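Peer 1: I have a structure here, written as structure tokens, and I will follow up with some questions on it.
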Amino acid sequence: MAEIKLANITKRWGSFVGVQSFDLTIEDKEFLVLLGPSGCGKTTTMRMIAGLEDPTEGEIHIGDRVVNDLDPKDRDVAMVFQSYGLYPNMDVYENIRFPLKVRKVEGDHDAMVRRAAEMVELTEFLHRKPAALSGGQRQRVALARAIVRQPQVFLMDEPLSNLDAKLRVSTRAQLKNLSHELQVTTIYVTHDQIEAMTLADRVVVMEKGIVQQVGTPTEIYDNPANTFVASFIGSPAMNLMEGQIEGGVFRCDHVEIGGLDTAHSGPAILGFRAEDAAVAPDGAGQITAPIYSLELLGDAVMVTVRTGGALVAVKADKDYRANIGDPVSFSVPASICHLFDQGSGERLAR
Amino acid sequence: MKTKTFIMFVGPSVFLMFLFIAAPLVSVFLQSFQVTQGVFEEVIETKCTPGFPAQICTEEASVRRVLDDDGNPVSQTSWVGLDTYRTVLDPDAVSAAFDEGGSGWSQLMTIDFYKALRFTLTFTLITLPLVIGTGLAIALAVNRCVESLKGPVIFVSLLPFIITPVIGALSIRWLFIGDGIMTALLENWTGQDIAMFAQGWTIELLMLFYRVWHVAPFAFVIFYAALQTVNQDTLESAIIDGASRWQRLKYVVIPHLMPLIIFVALIHLMDCYRVFEEIIGFSSQAHVISLQWLTFDYLTPDDSGNRAISRAAANSMLTMIGIVILLIPLLRRTYRDHKNSSH
């Protein structure tokens, strides 16, 4: 098992910057998730760790070795790809055995393959070709192939993206269990914040090649470092409203929230999560505006109003009923509010 | 698609295929069991001297072609069964060659059909792996080539395929014949007199070289196109799994290309078994002949204007049977792959 250290990693193609000055130490046995939208540099970072891309600058350490100049096969990493990367001409057994065969690993290959297959519940499919497997089964073959030679590091590039929603949930649970069982340093790339929140020990949120925030899922959810992280994490995204702060009171169209713990004065962005606020039944909330839309979610009703140039949503009780255009009032206590600088989008100090 | 639409769509194509492929094939098949000969009749003519002191008359028999009412020679076709095949294959001469007193292989090679079959098979089976190997090697090299060089390299690689076969063969012949540039260079290099066209095996070498040079670009184009569709994730998986360049070629690239390798092999076998241009281009008839050339030779009128059409037909049928036998393993593999992939 190994610690991974990324020291000032940068990747450029001509003038285009893929990853900018990425500094991070990933602890031994840690499950780290790189999270961000498409093109944010998360896959490039992983490919640099795997050795499939060379960093333009910086050093990559795996364990006590600098691996920049090592071939991928010498880095002792295993990788699971989004489109599985299986060998279509080989059956499941041969797919799982392939790394052992080409590396001429000593030992009982048959026992190793069967143990790996058992861990991902593939024993009964060992003699099928990948074409005869479902998407979930194929991804489990890719997982078994990764774990069969017990590498120091697992790299997983959006492994669940090609699966349907239901299968994704069950495979995610399987991954979590596998990670707990194997205790191997894992780097996992995804654009799905739910995967990140459920699987990660720590999450790295990236945008345009730059790390926006590193923290545990709870830290990132509860204390987003900037408006990008605030809007990217959570479903629905955090409500963000532009307005003015004067004397600890935030004001904008239809909104007046007082008692904010800040010395800031002037333009600012105020954010709060839909599930933290509530509909004020007596109409005495901090936001009062006509209803823009009502969405029945089953366990709740999402009530949305338009204010401060943005749509602001709050989760109401599942029995809440009203009509579009009816006035509604939201209770938004200062304790659930996050303040961000309107220019940079960075979190304002309290 | 509705049955009627389907029939209207493929009907003209099926009709033309029948007219220009199936019908001639059936015709050749039937002709191989028939012999068509001119009808001759014996005419007895009485010729007499002028008659002094006594007229002497003699009767002379002569054979002449029967003509129809319009003055055209009359022909008659008769069913001869497998006689023509017996003539071409000459089983008596074959057994004589291997009987006691016969000289075996060398005697067998004096029979036109076996001489042609030997060269055709050698030519086909040697060029097949060379064409596939060379085509794949060029495709892999071009695929790894710097982007800016790819265009010119592809153009140069395709040139041999663009050149007309007979012209290409003649060019190679002129390079090596007599005191051609290449012969002069080789003589200069080895210090020996070299006559590339004085014996059969050197001519065969040149023919093999020419065919590989001419056809490898076709294999290259096919393989190069297929290389663009190799799954990059699979290739990168193999890199991470620890596969060397050779192992990636063996376990990822070649299996991906296999259907096209079989396609190229099928095309090449069919084309190569009908080798003809090289025989003409290299004027090799005195040393080596091919089955296709033998058919051509049967169809060439002899001094009295006769053509051995039934022998040409039988030889064509035997050539076709040879091609089918060579294709069977490849077709079986294609069928098996298709069957496996559909499950």
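We name chains A, B, ... following the order of the structure tokens; residues begin at 1 in each chain, and ligands are numbered from 1 as shown.
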Only residues of chain A matter here; which ones have an atom within 6 Å of chain B, counting only C-alpha atoms? Give them as a PyMOL selection string.

Peer 2: chain A and resi 72-73+85-86+99+102-103

Peer 1: Find the spatial neighbours of Val189 in chain A, counting only C-alpha atoms, within a cut-off of 9 Å - ignore same-chain residues fewer than 6 positions away - and output them as a list in words.

Peer 2: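 Close residues of Val189 in chain A: Leu32, Val33, Leu34, Leu35, Gly36, Lys42, Thr43, Met46, Leu155, Met156, Asp157, Glu158, Pro159 and Ala196 of chain A.
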
Peer 1: Run DSSP on the backbone and tell me which residues of range 111-325 of chain A come out as helix (DSSP H, G or I); list them as a PDB file with C-alpha atoms, in the first residue's frame.

Peer 2:
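Below you can see result26.pdb, which holds the result:
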```pdb
ATOM      1  CA  ALA A 111      -6.609 -19.447  -7.426  1.00  0.00           C
ATOM      2  CA  MET A 112      -5.878 -15.714  -7.771  1.00  0.00           C
ATOM      3  CA  VAL A 113      -8.356 -15.304 -10.623  1.00  0.00           C
ATOM      4  CA  ARG A 114     -11.069 -17.232  -8.786  1.00  0.00           C
ATOM      5  CA  ARG A 115     -10.560 -15.251  -5.586  1.00  0.00           C
ATOM      6  CA  ALA A 116     -10.831 -11.944  -7.485  1.00  0.00           C
ATOM      7  CA  ALA A 117     -13.898 -13.181  -9.353  1.00  0.00           C
ATOM      8  CA  GLU A 118     -15.482 -14.268  -6.090  1.00  0.00           C
ATOM      9  CA  MET A 119     -14.959 -10.820  -4.565  1.00  0.00           C
ATOM     10  CA  THR A 123     -17.652 -16.869 -10.456  1.00  0.00           C
ATOM     11  CA  GLU A 124     -20.497 -18.197 -12.585  1.00  0.00           C
ATOM     12  CA  PHE A 125     -19.566 -16.026 -15.597  1.00  0.00           C
ATOM     13  CA  PRO A 130     -17.531  -9.709 -22.399  1.00  0.00           C
ATOM     14  CA  ALA A 131     -20.090  -9.297 -25.191  1.00  0.00           C
ATOM     15  CA  ALA A 132     -22.344 -11.766 -23.368  1.00  0.00           C
ATOM     16  CA  GLY A 135     -22.822  -3.407 -18.297  1.00  0.00           C
ATOM     17  CA  GLY A 136     -22.642  -4.023 -14.552  1.00  0.00           C
ATOM     18  CA  GLN A 137     -21.038  -7.428 -15.015  1.00  0.00           C
ATOM     19  CA  ARG A 138     -18.483  -5.983 -17.427  1.00  0.00           C
ATOM     20  CA  GLN A 139     -17.551  -3.312 -14.933  1.00  0.00           C
ATOM     21  CA  ARG A 140     -17.133  -6.018 -12.279  1.00  0.00           C
ATOM     22  CA  VAL A 141     -14.770  -7.871 -14.634  1.00  0.00           C
ATOM     23  CA  ALA A 142     -12.748  -4.665 -14.930  1.00  0.00           C
ATOM     24  CA  LEU A 143     -12.713  -4.413 -11.125  1.00  0.00           C
ATOM     25  CA  ALA A 144     -11.627  -8.035 -10.741  1.00  0.00           C
ATOM     26  CA  ARG A 145      -8.843  -7.483 -13.256  1.00  0.00           C
ATOM     27  CA  ALA A 146      -7.714  -4.468 -11.218  1.00  0.00           C
ATOM     28  CA  ILE A 147      -7.686  -6.283  -7.881  1.00  0.00           C
ATOM     29  CA  ALA A 165     -29.296   4.583 -12.498  1.00  0.00           C
ATOM     30  CA  LYS A 166     -30.425   1.489 -10.581  1.00  0.00           C
ATOM     31  CA  LEU A 167     -27.307  -0.526 -11.359  1.00  0.00           C
ATOM     32  CA  ARG A 168     -25.158   2.449 -10.466  1.00  0.00           C
ATOM     33  CA  VAL A 169     -26.547   2.475  -6.936  1.00  0.00           C
ATOM     34  CA  SER A 170     -25.917  -1.246  -6.344  1.00  0.00           C
ATOM     35  CA  THR A 171     -22.445  -1.180  -7.946  1.00  0.00           C
ATOM     36  CA  ARG A 172     -21.597   1.888  -5.869  1.00  0.00           C
ATOM     37  CA  ALA A 173     -22.437  -0.031  -2.708  1.00  0.00           C
ATOM     38  CA  GLN A 174     -20.322  -2.940  -3.947  1.00  0.00           C
ATOM     39  CA  LEU A 175     -17.407  -0.573  -4.586  1.00  0.00           C
ATOM     40  CA  LYS A 176     -17.702   0.886  -1.117  1.00  0.00           C
ATOM     41  CA  ASN A 177     -17.643  -2.578   0.400  1.00  0.00           C
ATOM     42  CA  LEU A 178     -14.723  -3.647  -1.782  1.00  0.00           C
ATOM     43  CA  SER A 179     -12.747  -0.567  -0.846  1.00  0.00           C
ATOM     44  CA  HIS A 180     -13.338  -1.281   2.848  1.00  0.00           C
ATOM     45  CA  GLU A 181     -12.253  -4.890   2.372  1.00  0.00           C
ATOM     46  CA  LEU A 182      -9.146  -4.244   0.265  1.00  0.00           C
ATOM     47  CA  GLN A 193     -21.518  14.443  -6.553  1.00  0.00           C
ATOM     48  CA  ILE A 194     -23.581  11.651  -4.982  1.00  0.00           C
ATOM     49  CA  GLU A 195     -20.852   9.128  -5.828  1.00  0.00           C
ATOM     50  CA  ALA A 196     -18.307  11.530  -4.393  1.00  0.00           C
ATOM     51  CA  MET A 197     -20.259  12.067  -1.180  1.00  0.00           C
ATOM     52  CA  THR A 198     -21.012   8.388  -0.619  1.00  0.00           C
ATOM     53  CA  LEU A 199     -17.629   6.888  -1.467  1.00  0.00           C
ATOM     54  CA  PRO A 217     -17.653  15.244   2.054  1.00  0.00           C
ATOM     55  CA  THR A 218     -19.189  16.881   5.138  1.00  0.00           C
ATOM     56  CA  GLU A 219     -16.756  19.803   5.074  1.00  0.00           C
ATOM     57  CA  ILE A 220     -17.367  20.399   1.404  1.00  0.00           C
ATOM     58  CA  TYR A 221     -21.117  20.197   1.795  1.00  0.00           C
ATOM     59  CA  ASP A 222     -21.351  22.282   4.937  1.00  0.00           C
ATOM     60  CA  THR A 227     -19.786  29.741  -5.078  1.00  0.00           C
ATOM     61  CA  PHE A 228     -18.607  27.102  -7.605  1.00  0.00           C
ATOM     62  CA  VAL A 229     -18.337  24.405  -4.921  1.00  0.00           C
ATOM     63  CA  ALA A 230     -21.580  25.630  -3.317  1.00  0.00           C
ATOM     64  CA  SER A 231     -23.467  25.326  -6.579  1.00  0.00           C
ATOM     65  CA  PHE A 232     -21.798  22.068  -7.673  1.00  0.00           C
TER      66      PHE A 232
END
```

Peer 1: Rank A:Ala277, A:Ser21, A:Gly209, A:Asp192 by their smallest atom-to-atom distance to Ser235 in chain A, using only C-alpha atoms, and report the top residue only.

Peer 2: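 Under the stated criterion, the closest residue is A:Asp192.
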
Peer 1: Would you please work out which residue, of B:Thr36, B:Thr334, B:Thr202, B:Ser78, is nearest to Met258 in chain B when using only C-alpha atoms?

Peer 2: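 So, comparing all the options, the nearest one is B:Thr334.
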
Peer 1: So that I can see what lies close to Asp23 in chain A, please list as a list in words the residues with an atom at most 12 Å from it, counting only C-alpha atoms and leaving out residues fewer than 3 positions away in the same chain.

Peer 2: Ile4, Lys5, Leu6, Ala7, Asn8, Ile9, Thr10, Val19, Gln20, Ile26, Thr45, Glu57, Gly58, Glu59, Ile60, His61, Val204, Ile210, Val211, Gln212, Gln213 and Val214 of chain A
